[in-house]
Structures are given as C-alpha cells and as structure tokens.
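See below for the structure under consideration.
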Amino acid sequence: MLTYIARRILYSIPVLLATSFLSFTFVTKAGDPLANLRANPRTNSPGVLKHLAHVYHLDQSLPIRYWYWLQDVFEHKLGQSLLTSQPIWPDISRAIGHTLQIVLLAQVIALILGVAVGIYSAIRQYSVFDYTMTSLSFLGYAMPTFWLALILQIIFVDIYLKWHVRIFYTSGLNSGVTSSTWSIDRLQHIALPVITLTVVSFALYSRYMRATMLDVINSDYVRTARAKGLPERLVIFRHVVRNALIPITTVTALQFGALLGGAIVTETIFTLDGMGFFFINRLQANDVYAVMAYIIVVAVTVIVFNLIADILYGVLDPRIRYD
Amino acid sequence: MTEPTAPLDLGTPPAVLDGMPIGVPVSVDTTEAQGMELTARSQWSYARRRFVRHRLAMIGLLGLIVIFGAGALANYVAPYTFDQIDLTNVLHSPTTVGHHVFGTDEIGRDYLSRVIYGIRTSEQVGLTVAVVSSIFGLFVGAIAGYYRGWVDNVIMRITDLVLTLPVLVVLLTVAAMLGRSGSEWTIVAILAAFFWTPICRIVRGVFLSLREKEYVEAAKAVGAGDMRIMFRHMLPNTLGPIVVNGTLAVADAIIIEAFLSFLGFGIADPTPSLGKLVAGGQQFPQDWWLTVIPGLVLVMIVVCVNFVGDGLRDALDPQQRRVRA
C-alpha cells in the first residue's frame, strides 16, 4: 500500500511539471504583463520598461522564464504578482478558506440528502417517490449552475425589494456587523451559493447511490441474507447500505477535489471571494503569475483527491489490492 | 445505469444469425397467431426498433427537432432579426403585442428572436464540436488501441494531461490566450481540442480487447491491411459507445459554451448565444424573463439530449435485449 502511494506520488510529479509548463506557455501568451506600465506616461519609457522586463526575466526565453517561476513558487510561496507586486499566497489562502466553507457545507448536506434519498428510492423502486426524485435529480443534473444561481439571486432580490425582508444576501461574504451576529450574517451570505452547489451535488449523489444500491440488492449474498430469515431492516442497513457506500466515497472524493477549484461560476455570481472568483478576476486582469498559482493549487488538489479516492476504495473494499 | 426490468418480447428470439433462428425455441404458429412474422433483422434494425420503442428517447428526439429546427430556420421562424431595435418597447415583459412573446431586452430587441438566434449559435457549436471531436477521438483512439506500444503511451499521456485540471479552467485559460472572446468557430476549435479525449479513451479500450478477437486474426490471415482491419472490421463494433458519447457531447459542448460566454470568454458580440443571453439578464434581476427563458431553453436542450442518449445507449448495446419502460 505504501509503495503504491509512493509510486502514485512520484508519477504525479512529471504530470504536474508538464501541466504547469503547458499552462505557463498558454498563460504567458495571454497578455502583456507590462501593459499597465506601458499605459502610464510616468513609467512608459524604453529604459524603464527594458529594465523591468530584465528584472522580471520577461526578456528571457520561455523555458528559462518557467525555471525562474518554478524557483519562485518554492522559495516564495507561489511568488508574487507582476501587476501589483504583492505576494500571492495571502490572497489565495484566504480564497481557499472561503471556498472550503461553502464546499464543505454543500457537500455535507448533499451527501446526507443524496444518500438518504438514494437508499429510499432503491428500496421503493418505481414508486411515486422514486420517480419524483429521479426526475428531480435529472433536472438538477441538466441545469447549468449559473442559471440556477441567477434564479436564486432573482428570487431573493425580488423578495427584498417587495417586502423588505432580508432572508439571504445575494452577494459578498459579510456586511460589516459586530462579532455577536457575525456567524449568522456569514451564513446568510453563503446560503445561496451553498444551495446552488448542494443541488448539483445532490443530483449526482442520489442517482449514484440509487444505482449502486440496486446493484447490491440484486446480488447473491443479499438473497442469502434474506433466505436465512434476517429482518429486512438488517438486510438493508447491515448488508446492502454498507457495501453500497463504497463507490460513493470515491465519487465524493473526486467531486470534492473538483469543487475546491471549480466553483468558478457560483462564486462569480455571488461575488464571493473564493478560489474561482480569484481565478476569473486574475485571468481577466492578465495577472500571469496569480493565474499560474491558482492552476498549480488546483492541479495539486485534483491529484491529491484522486489519490485519496483510490486509497479509500482500496481500504473499504478488501477485494481491491494495490501493490 | 442499468435497471433490471422485465424483458419485453421483441417478437423474435434473441439468437439470430443471418436471419435464421438458432435452436428454434419459438414455434412458428404462435408468432403467426400474434400477427408477427419471422424476418431477417440486422443488428441495426434491432437497435432501431429498440430506440423507437424507448418512450423518453422519442420525447427527447421530438423536443430536439422542435428546438434545433427553430434554431436552424432562425431566418424564417424569428419574427424579428436579433439586433432589430424597438425603442418604444424597452424591457417589456412577455406580451402578445407586436409578437414580443418573450418580451424585449434593455434596448428593445425582441427577446424571442434573440433566443431563437441564440439557439442557432448554441446548436452550431454543439453539433460541430460533437462531430469533429468524435471523429478525431475515434481515429486517435483506434490507432492507440490497435498499435499499442509507444504510440499508445504518448497518446494516453496527452489525454492524462487534460484530466489534471477541471475542464472549465483549461478552457478559460486557452480562451484568454486566444483573445478573450472570439467567433463561434474559435470556440468550436477550443472545445473540440478537449472533447476528443474521453472518446479516444473509450475507443482505445474497446480496440485493445477487439484486437485479440478471432475475426481480427482471420482478417490478418487473409491478408487485410491494418487500415482495413481497423476501420472495416473493428470500427462497427465500437460505434455504439461512440454514438452515445457523441450525443451526450452535444449537450456538454452547448453547456460549456454557455459557461464560457456567460463569463465573458466566449462568443463575441453581436452574435447572441444562450449563455450570453443569460449573462445579459444578470443586470436586470427584476426583469425575470431575460434570465429565465434562455436558461430554460438550455435546460430543455440538455434534458432532451440526455433522453436521446439514454435511449441510444439502451438500443445500441448488443448485449442488451431489454427495453426500458
């Protein structure tokens, strides 16, 4: 097992290097990092620009620039932004914190609901409940997140404008209140993004749980359990559910890894200072190294959670052996 | 997701070779008594029959024909052009006056026409991406799976790279590099450059197992060339998953184009696309129709495509002799 993990980590290093180099090529081609200075009459002189280009290694060839950037990533915690000359780490770690809040909350709710609904749908297959939930999750799956988020925003903006009641805020993270009501205020702010992400993940989890439950229910050992006279409750909860939960842990780990960097649209709509918002802002501003920092963080997250998913699978299912 | 359903009678026994039933389990008079006759049916005709009997798939197909038909015939169907301005009716809610069935936007353009032209853009993007990426993925996957060795290794490592990052991140970065928003064909190119990888993986997987089959060996023995074996003998056996995946890729491409356009990295003005229409509505939260209608059309497209994809999956799986209710 340990050698397996070590091998996977070793294998992911060249993948990370290749990914980052390719992204570096794309991102540096995306725009001129000195555009702001060029537009400013005070700094727009050939001497100054040439000096700056030299200091930031912009006059070097791409592989050499990549090498300098790589050094910066390790020595100065992801380096500093070319546009603002500020270190990137404080911004990005704050963004990770905010994204983690909404993603964790959404995943916990979606998982509990999804598993419960999946189990019940599978036990009462083709019942009214099953059909309703299947259609609902189908719809949740087909709905583009930005649309769902906007509809929620419209509803709560309208409620506020019509009846002057603030149930949930529709943008930002806080509205500058004292510490006593801070957490409630924060919850009111992140509720809508959490709902958006919950709907999408819930659709996935409930469908998945239902399918694996049905797979397990029809297997031989469940028939044996029933045949030896076990009460149905025990059959379902001790024999079926426990095994049906194995694949869903994998899906959860993968979904979690993807969401940590990928709630781009939701965060943009609710102007929530998270990872996705950070990415889209920096990309629009042509902040090359900030975008690269984001890409590296996301790539590492995805790789780590893929590994976690595989390890969990091996731990939970004794039929899987890694060596 | 396979669901155990009671197998429905399809008229003929499952094992049919060149039209002749093997084992003769069905006596002729009962089939005739049911008003059926035994006829030779190819795999494709079985698939077609299964597809036509798939109720949801037919609903989906009908929906797609209506929506995509309106988009394709936008020039004839839309009451106005997408950029025609009617300043007497600005931000009008849906009404029958002046045929503004979906209302008008902030500078008085007829929203129904804009949605229809938006469908046209989305449909062009979705269909082209699906076709181009399927064909490309098929060729590359076939070569990887058939020749194995270093070719396979190189191709698989390239597809690995795409998996390290969320699709949206990669696409946004590339779109930013190519200059923020481009024409729809730029977007098609970007999307197709990433959509071929899953199809490539599927085809490779099937080819890896097929190349060990006896019929491939037989074809080699009679002296068929590599290309002939790959595309004449092996390809038909991979078409099922490719068609299913290609269908679902239409919906994926449309949604991802909408995402890109929504974030301002998609199709440039003045061409309307469904994602851009939703994005435009964001500034007017009280004029709900601007957001709700184009989004609803997107949802309908995706649901219909998924229904058709489900139906095709059930119909094209040669192992499967069931019809879902």
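Residues are named by chain letter and number: chains run A, B, ... in the order of the structure tokens, numbers start at 1 in each chain, and ligands are numbered from 1 in the order shown.
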
Near chain B, which residues of chain A fall within 6 Å when you count only C-alpha atoms, and what do they look like as a VMD selection string?
chain A and resid 29 to 30 142 to 143 147 154 299

Only N, CA and C atoms, please: the residues just picked out, written as an mmCIF file, in the first residue's frame.
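Result file follows (selection_5.cif):
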```cif
data_model
loop_
_atom_site.group_PDB
_atom_site.id
_atom_site.type_symbol
_atom_site.label_atom_id
_atom_site.label_comp_id
_atom_site.auth_asym_id
_atom_site.auth_seq_id
_atom_site.Cartn_x
_atom_site.Cartn_y
_atom_site.Cartn_z
ATOM 1 N N LYS A 29 1.228 33.682 -22.826
ATOM 2 C CA LYS A 29 0.862 34.181 -24.151
ATOM 3 C C LYS A 29 -0.407 35.026 -24.096
ATOM 4 N N ALA A 30 -1.146 34.912 -22.981
ATOM 5 C CA ALA A 30 -2.472 35.533 -22.925
ATOM 6 C C ALA A 30 -2.418 37.046 -22.914
ATOM 7 N N ALA A 142 -29.231 18.515 -15.258
ATOM 8 C CA ALA A 142 -29.238 19.190 -16.560
ATOM 9 C C ALA A 142 -29.115 20.700 -16.411
ATOM 10 N N MET A 143 -29.408 21.202 -15.213
ATOM 11 C CA MET A 143 -29.443 22.653 -15.025
ATOM 12 C C MET A 143 -28.038 23.226 -14.997
ATOM 13 N N TRP A 147 -27.329 29.333 -14.220
ATOM 14 C CA TRP A 147 -28.740 29.648 -14.319
ATOM 15 C C TRP A 147 -29.433 29.484 -12.969
ATOM 16 N N ILE A 154 -32.364 36.168 -8.342
ATOM 17 C CA ILE A 154 -33.552 36.937 -8.727
ATOM 18 C C ILE A 154 -34.619 36.829 -7.656
ATOM 19 N N ALA A 299 -4.393 21.930 -9.619
ATOM 20 C CA ALA A 299 -3.859 20.666 -10.135
ATOM 21 C C ALA A 299 -3.435 19.766 -8.977
#
```

Which polymer residues have any atom within 12 Å of an atom of Val241 of chain A, counting only C-alpha atoms, with same-chain residues fewer than 6 positions away left out, as a PDB file with N, CA and C atoms, in the first residue's frame?
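Contents of the output file out31.pdb:
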```pdb
ATOM      1  N   VAL A 115     -27.583  10.398  -0.078  1.00  0.00           N
ATOM      2  CA  VAL A 115     -27.531   9.001   0.349  1.00  0.00           C
ATOM      3  C   VAL A 115     -28.894   8.560   0.848  1.00  0.00           C
ATOM      4  N   ALA A 116     -29.551   9.406   1.655  1.00  0.00           N
ATOM      5  CA  ALA A 116     -30.859   9.039   2.191  1.00  0.00           C
ATOM      6  C   ALA A 116     -31.856   8.816   1.055  1.00  0.00           C
ATOM      7  N   GLY A 118     -31.222   8.247  -2.095  1.00  0.00           N
ATOM      8  CA  GLY A 118     -30.797   7.122  -2.925  1.00  0.00           C
ATOM      9  C   GLY A 118     -31.230   5.796  -2.318  1.00  0.00           C
ATOM     10  N   ILE A 119     -31.023   5.655  -0.994  1.00  0.00           N
ATOM     11  CA  ILE A 119     -31.412   4.406  -0.328  1.00  0.00           C
ATOM     12  C   ILE A 119     -32.915   4.188  -0.446  1.00  0.00           C
ATOM     13  N   TYR A 120     -33.671   5.242  -0.121  1.00  0.00           N
ATOM     14  CA  TYR A 120     -35.128   5.084  -0.118  1.00  0.00           C
ATOM     15  C   TYR A 120     -35.653   4.800  -1.523  1.00  0.00           C
ATOM     16  N   ALA A 122     -34.126   3.289  -3.880  1.00  0.00           N
ATOM     17  CA  ALA A 122     -33.778   1.935  -4.295  1.00  0.00           C
ATOM     18  C   ALA A 122     -34.681   0.918  -3.616  1.00  0.00           C
ATOM     19  N   ILE A 123     -34.999   1.150  -2.317  1.00  0.00           N
ATOM     20  CA  ILE A 123     -35.872   0.201  -1.620  1.00  0.00           C
ATOM     21  C   ILE A 123     -37.265   0.219  -2.238  1.00  0.00           C
ATOM     22  N   MET A 209     -26.131   6.748  -5.673  1.00  0.00           N
ATOM     23  CA  MET A 209     -26.466   5.885  -4.540  1.00  0.00           C
ATOM     24  C   MET A 209     -27.557   4.909  -4.941  1.00  0.00           C
ATOM     25  N   ARG A 210     -28.561   5.419  -5.657  1.00  0.00           N
ATOM     26  CA  ARG A 210     -29.654   4.553  -6.073  1.00  0.00           C
ATOM     27  C   ARG A 210     -29.122   3.419  -6.949  1.00  0.00           C
ATOM     28  N   ALA A 211     -28.278   3.764  -7.918  1.00  0.00           N
ATOM     29  CA  ALA A 211     -27.779   2.755  -8.849  1.00  0.00           C
ATOM     30  C   ALA A 211     -26.965   1.691  -8.120  1.00  0.00           C
ATOM     31  N   THR A 212     -26.069   2.095  -7.219  1.00  0.00           N
ATOM     32  CA  THR A 212     -25.245   1.095  -6.540  1.00  0.00           C
ATOM     33  C   THR A 212     -26.083   0.267  -5.581  1.00  0.00           C
ATOM     34  N   MET A 213     -27.062   0.909  -4.924  1.00  0.00           N
ATOM     35  CA  MET A 213     -27.962   0.155  -4.048  1.00  0.00           C
ATOM     36  C   MET A 213     -28.641  -0.961  -4.830  1.00  0.00           C
ATOM     37  N   LEU A 214     -29.150  -0.628  -6.012  1.00  0.00           N
ATOM     38  CA  LEU A 214     -29.859  -1.624  -6.817  1.00  0.00           C
ATOM     39  C   LEU A 214     -28.918  -2.746  -7.229  1.00  0.00           C
ATOM     40  N   ASP A 215     -27.680  -2.368  -7.549  1.00  0.00           N
ATOM     41  CA  ASP A 215     -26.679  -3.382  -7.888  1.00  0.00           C
ATOM     42  C   ASP A 215     -26.507  -4.369  -6.748  1.00  0.00           C
ATOM     43  N   VAL A 216     -26.347  -3.812  -5.532  1.00  0.00           N
ATOM     44  CA  VAL A 216     -26.059  -4.661  -4.380  1.00  0.00           C
ATOM     45  C   VAL A 216     -27.279  -5.480  -3.990  1.00  0.00           C
ATOM     46  N   ILE A 217     -28.474  -4.848  -4.021  1.00  0.00           N
ATOM     47  CA  ILE A 217     -29.696  -5.549  -3.606  1.00  0.00           C
ATOM     48  C   ILE A 217     -29.894  -6.825  -4.425  1.00  0.00           C
ATOM     49  N   VAL A 222     -27.097 -10.992  -0.726  1.00  0.00           N
ATOM     50  CA  VAL A 222     -28.288 -10.370  -0.148  1.00  0.00           C
ATOM     51  C   VAL A 222     -29.438 -11.371  -0.171  1.00  0.00           C
ATOM     52  N   ARG A 233     -34.902  -4.867   7.645  1.00  0.00           N
ATOM     53  CA  ARG A 233     -34.127  -3.713   8.112  1.00  0.00           C
ATOM     54  C   ARG A 233     -32.648  -4.049   8.194  1.00  0.00           C
ATOM     55  N   LEU A 234     -32.365  -5.215   8.793  1.00  0.00           N
ATOM     56  CA  LEU A 234     -30.967  -5.606   8.952  1.00  0.00           C
ATOM     57  C   LEU A 234     -30.333  -5.883   7.598  1.00  0.00           C
ATOM     58  N   VAL A 235     -31.097  -6.534   6.709  1.00  0.00           N
ATOM     59  CA  VAL A 235     -30.559  -6.823   5.381  1.00  0.00           C
ATOM     60  C   VAL A 235     -30.132  -5.518   4.716  1.00  0.00           C
ATOM     61  N   PRO A 247     -18.632   2.767  -3.395  1.00  0.00           N
ATOM     62  CA  PRO A 247     -18.365   3.585  -4.593  1.00  0.00           C
ATOM     63  C   PRO A 247     -18.627   5.063  -4.356  1.00  0.00           C
ATOM     64  N   ILE A 248     -19.582   5.385  -3.494  1.00  0.00           N
ATOM     65  CA  ILE A 248     -19.937   6.790  -3.348  1.00  0.00           C
ATOM     66  C   ILE A 248     -18.845   7.567  -2.609  1.00  0.00           C
TER      67      ILE A 248
END
```

Could you please determine the separation between atom CA of Asn306 of chain A and atom CA of Leu254 of chain A in Å, to one decimal place?
5.9 Å

Within 8 Å of segment 165-177 of chain A, counting only C-alpha atoms, which residues qualify if same-chain residues fewer than 5 places away don't, as a PyMOL selection string?
chain A and resi 153+156-157+159-160+182+185-186+188-192+269-273

Going by DSSP on the backbone, which residues of segment 88-267 of chain A come out as helix (DSSP H, G or I)? List them as JSON, numbers by chain.
{"A": [89, 90, 91, 92, 93, 94, 95, 96, 97, 98, 99, 100, 101, 102, 103, 104, 105, 106, 107, 108, 109, 110, 111, 112, 113, 114, 115, 116, 117, 118, 119, 120, 121, 122, 123, 128, 129, 130, 131, 132, 133, 134, 135, 136, 137, 138, 139, 140, 141, 142, 145, 146, 147, 148, 149, 150, 151, 152, 153, 154, 155, 156, 157, 158, 159, 160, 161, 162, 163, 179, 180, 181, 182, 183, 184, 185, 186, 187, 188, 189, 190, 191, 192, 193, 194, 195, 196, 197, 198, 199, 200, 201, 202, 203, 204, 205, 206, 207, 208, 209, 210, 211, 212, 213, 214, 215, 216, 217, 220, 221, 222, 223, 224, 225, 226, 227, 232, 233, 234, 235, 236, 237, 238, 239, 240, 241, 242, 243, 244, 245, 246, 247, 248, 249, 250, 251, 252, 253, 254, 255, 256, 257, 258, 259, 260, 261, 262, 264, 265, 266, 267]}

With C-alpha atoms retained, could you export that selection as a short mmCIF file (atom, residue, chain, number, x, y, z; two decimals), in the first residue's frame?
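Contents of the output file again14.cif:
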```
data_model
loop_
_atom_site.label_atom_id
_atom_site.label_comp_id
_atom_site.auth_asym_id
_atom_site.auth_seq_id
_atom_site.Cartn_x
_atom_site.Cartn_y
_atom_site.Cartn_z
CA TRP A 89 -0.05 33.48 -1.04
CA PRO A 90 -2.12 35.64 1.39
CA ASP A 91 -4.79 36.25 -1.26
CA ILE A 92 -5.00 32.69 -2.40
CA SER A 93 -5.02 31.17 1.08
CA ARG A 94 -7.87 33.48 2.12
CA ALA A 95 -9.74 32.44 -1.04
CA ILE A 96 -9.18 28.75 -0.27
CA GLY A 97 -10.63 29.31 3.20
CA HIS A 98 -13.81 30.84 1.84
CA THR A 99 -14.23 28.21 -0.85
CA LEU A 100 -13.67 25.49 1.74
CA GLN A 101 -16.51 26.89 3.86
CA ILE A 102 -19.12 26.72 1.12
CA VAL A 103 -17.86 23.49 -0.43
CA LEU A 104 -17.71 21.62 2.89
CA LEU A 105 -21.17 22.77 3.90
CA ALA A 106 -22.67 21.98 0.50
CA GLN A 107 -21.01 18.57 0.31
CA VAL A 108 -22.13 17.50 3.78
CA ILE A 109 -25.75 18.48 3.09
CA ALA A 110 -25.73 16.98 -0.41
CA LEU A 111 -24.17 13.75 0.82
CA ILE A 112 -26.64 13.24 3.68
CA LEU A 113 -29.65 14.04 1.50
CA GLY A 114 -28.31 12.21 -1.53
CA VAL A 115 -27.53 9.00 0.35
CA ALA A 116 -30.86 9.04 2.19
CA VAL A 117 -32.86 9.66 -0.98
CA GLY A 118 -30.80 7.12 -2.93
CA ILE A 119 -31.41 4.41 -0.33
CA TYR A 120 -35.13 5.08 -0.12
CA SER A 121 -35.51 5.27 -3.91
CA ALA A 122 -33.78 1.94 -4.30
CA ILE A 123 -35.87 0.20 -1.62
CA VAL A 128 -44.01 7.65 -6.81
CA PHE A 129 -41.19 8.84 -4.56
CA ASP A 130 -38.60 7.14 -6.75
CA TYR A 131 -39.99 8.64 -9.96
CA THR A 132 -40.25 12.12 -8.45
CA MET A 133 -36.72 12.03 -7.13
CA THR A 134 -35.34 10.56 -10.35
CA SER A 135 -36.91 13.34 -12.41
CA LEU A 136 -35.79 15.99 -9.93
CA SER A 137 -32.20 14.82 -9.95
CA PHE A 138 -32.30 14.55 -13.72
CA LEU A 139 -33.37 18.18 -13.81
CA GLY A 140 -30.76 19.19 -11.24
CA TYR A 141 -28.16 17.48 -13.35
CA ALA A 142 -29.24 19.19 -16.56
CA THR A 145 -25.17 26.12 -12.37
CA PHE A 146 -25.07 29.74 -13.48
CA TRP A 147 -28.74 29.65 -14.32
CA LEU A 148 -29.72 28.09 -11.01
CA ALA A 149 -27.59 30.62 -9.15
CA LEU A 150 -29.13 33.52 -11.06
CA ILE A 151 -32.68 32.30 -10.43
CA LEU A 152 -31.96 32.10 -6.70
CA GLN A 153 -30.50 35.58 -6.88
CA ILE A 154 -33.55 36.94 -8.73
CA ILE A 155 -35.93 35.37 -6.21
CA PHE A 156 -34.15 36.78 -3.17
CA VAL A 157 -33.57 40.19 -4.70
CA ASP A 158 -37.28 40.37 -5.52
CA ILE A 159 -38.27 39.27 -2.01
CA TYR A 160 -36.08 42.01 -0.58
CA LEU A 161 -37.38 44.69 -2.92
CA LYS A 162 -41.04 43.77 -2.50
CA TRP A 163 -41.32 43.01 1.22
CA SER A 179 -18.90 39.99 16.23
CA SER A 180 -22.02 38.85 18.08
CA THR A 181 -24.03 38.24 14.92
CA TRP A 182 -21.05 37.60 12.67
CA SER A 183 -21.60 33.90 12.07
CA ILE A 184 -25.32 34.31 11.38
CA ASP A 185 -24.50 37.11 8.97
CA ARG A 186 -21.94 34.90 7.25
CA LEU A 187 -24.46 32.07 6.96
CA GLN A 188 -26.99 34.43 5.38
CA HIS A 189 -24.35 35.36 2.85
CA ILE A 190 -23.15 31.91 1.92
CA ALA A 191 -26.56 30.23 1.98
CA LEU A 192 -27.37 30.80 -1.70
CA PRO A 193 -24.00 29.61 -3.05
CA VAL A 194 -24.26 26.60 -0.74
CA ILE A 195 -27.77 25.82 -2.02
CA THR A 196 -26.55 26.07 -5.61
CA LEU A 197 -23.67 23.68 -5.08
CA THR A 198 -25.85 21.37 -2.98
CA VAL A 199 -28.44 20.96 -5.74
CA VAL A 200 -25.81 19.97 -8.28
CA SER A 201 -24.01 17.50 -5.99
CA PHE A 202 -27.26 16.12 -4.59
CA ALA A 203 -28.40 15.18 -8.08
CA LEU A 204 -25.15 13.30 -8.63
CA TYR A 205 -25.08 11.54 -5.26
CA SER A 206 -28.71 10.43 -5.19
CA ARG A 207 -28.51 8.97 -8.70
CA TYR A 208 -25.28 7.22 -7.88
CA MET A 209 -26.47 5.88 -4.54
CA ARG A 210 -29.65 4.55 -6.07
CA ALA A 211 -27.78 2.75 -8.85
CA THR A 212 -25.24 1.09 -6.54
CA MET A 213 -27.96 0.15 -4.05
CA LEU A 214 -29.86 -1.62 -6.82
CA ASP A 215 -26.68 -3.38 -7.89
CA VAL A 216 -26.06 -4.66 -4.38
CA ILE A 217 -29.70 -5.55 -3.61
CA ASP A 220 -26.35 -13.25 -4.27
CA TYR A 221 -25.29 -12.60 -0.70
CA VAL A 222 -28.29 -10.37 -0.15
CA ARG A 223 -30.54 -13.18 -1.31
CA THR A 224 -28.72 -15.43 1.15
CA ALA A 225 -29.27 -12.94 3.95
CA ARG A 226 -32.95 -12.80 3.17
CA ALA A 227 -33.16 -16.56 2.79
CA GLU A 232 -35.46 -6.66 6.07
CA ARG A 233 -34.13 -3.71 8.11
CA LEU A 234 -30.97 -5.61 8.95
CA VAL A 235 -30.56 -6.82 5.38
CA ILE A 236 -30.77 -3.29 4.06
CA PHE A 237 -28.74 -1.45 6.64
CA ARG A 238 -26.16 -4.00 7.65
CA HIS A 239 -25.60 -5.76 4.34
CA VAL A 240 -26.70 -3.55 1.48
CA VAL A 241 -26.07 0.04 2.54
CA ARG A 242 -22.61 -0.61 3.91
CA ASN A 243 -21.43 -2.02 0.63
CA ALA A 244 -23.31 0.47 -1.49
CA LEU A 245 -21.47 3.28 0.30
CA ILE A 246 -18.09 2.16 -1.06
CA PRO A 247 -18.37 3.58 -4.59
CA ILE A 248 -19.94 6.79 -3.35
CA THR A 249 -16.92 7.60 -1.17
CA THR A 250 -14.86 7.60 -4.35
CA VAL A 251 -17.30 9.87 -6.13
CA THR A 252 -17.39 12.20 -3.14
CA ALA A 253 -13.62 12.48 -3.00
CA LEU A 254 -13.43 13.25 -6.72
CA GLN A 255 -16.28 15.76 -6.57
CA PHE A 256 -14.67 17.45 -3.59
CA GLY A 257 -11.37 17.82 -5.39
CA ALA A 258 -13.07 19.23 -8.46
CA LEU A 259 -15.21 21.68 -6.49
CA LEU A 260 -12.36 23.17 -4.48
CA GLY A 261 -11.10 24.89 -7.59
CA GLY A 262 -14.15 24.71 -9.73
CA ILE A 264 -15.99 29.46 -10.59
CA VAL A 265 -19.44 30.43 -11.79
CA THR A 266 -21.21 30.24 -8.45
CA GLU A 267 -18.58 32.38 -6.75
#
```

Could you tell me how far atom CA of Leu316 of chain B lies from atom CA of Pro241 of chain B, in Å and to one decimal?
7.9 Å

Counting only C-alpha atoms, figure out which residue out of B:Val250, B:Ala78, B:Ala268, B:Leu61 gets nearest to Trp185 of chain B.
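Among the listed residues, the smallest separation from Trp185 of chain B belongs to B:Ala268.
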
Between atom CA of Ile107 of chain B and atom CA of Leu290 of chain B, distance in Å (one decimal)
12.2 Å

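With only C-alpha atoms as the atoms that count, the minimum distance from Thr247 of chain B to the choices B:Leu62, B:Ile267, B:Ile199, B:Leu235 is reached by B:Ile199.
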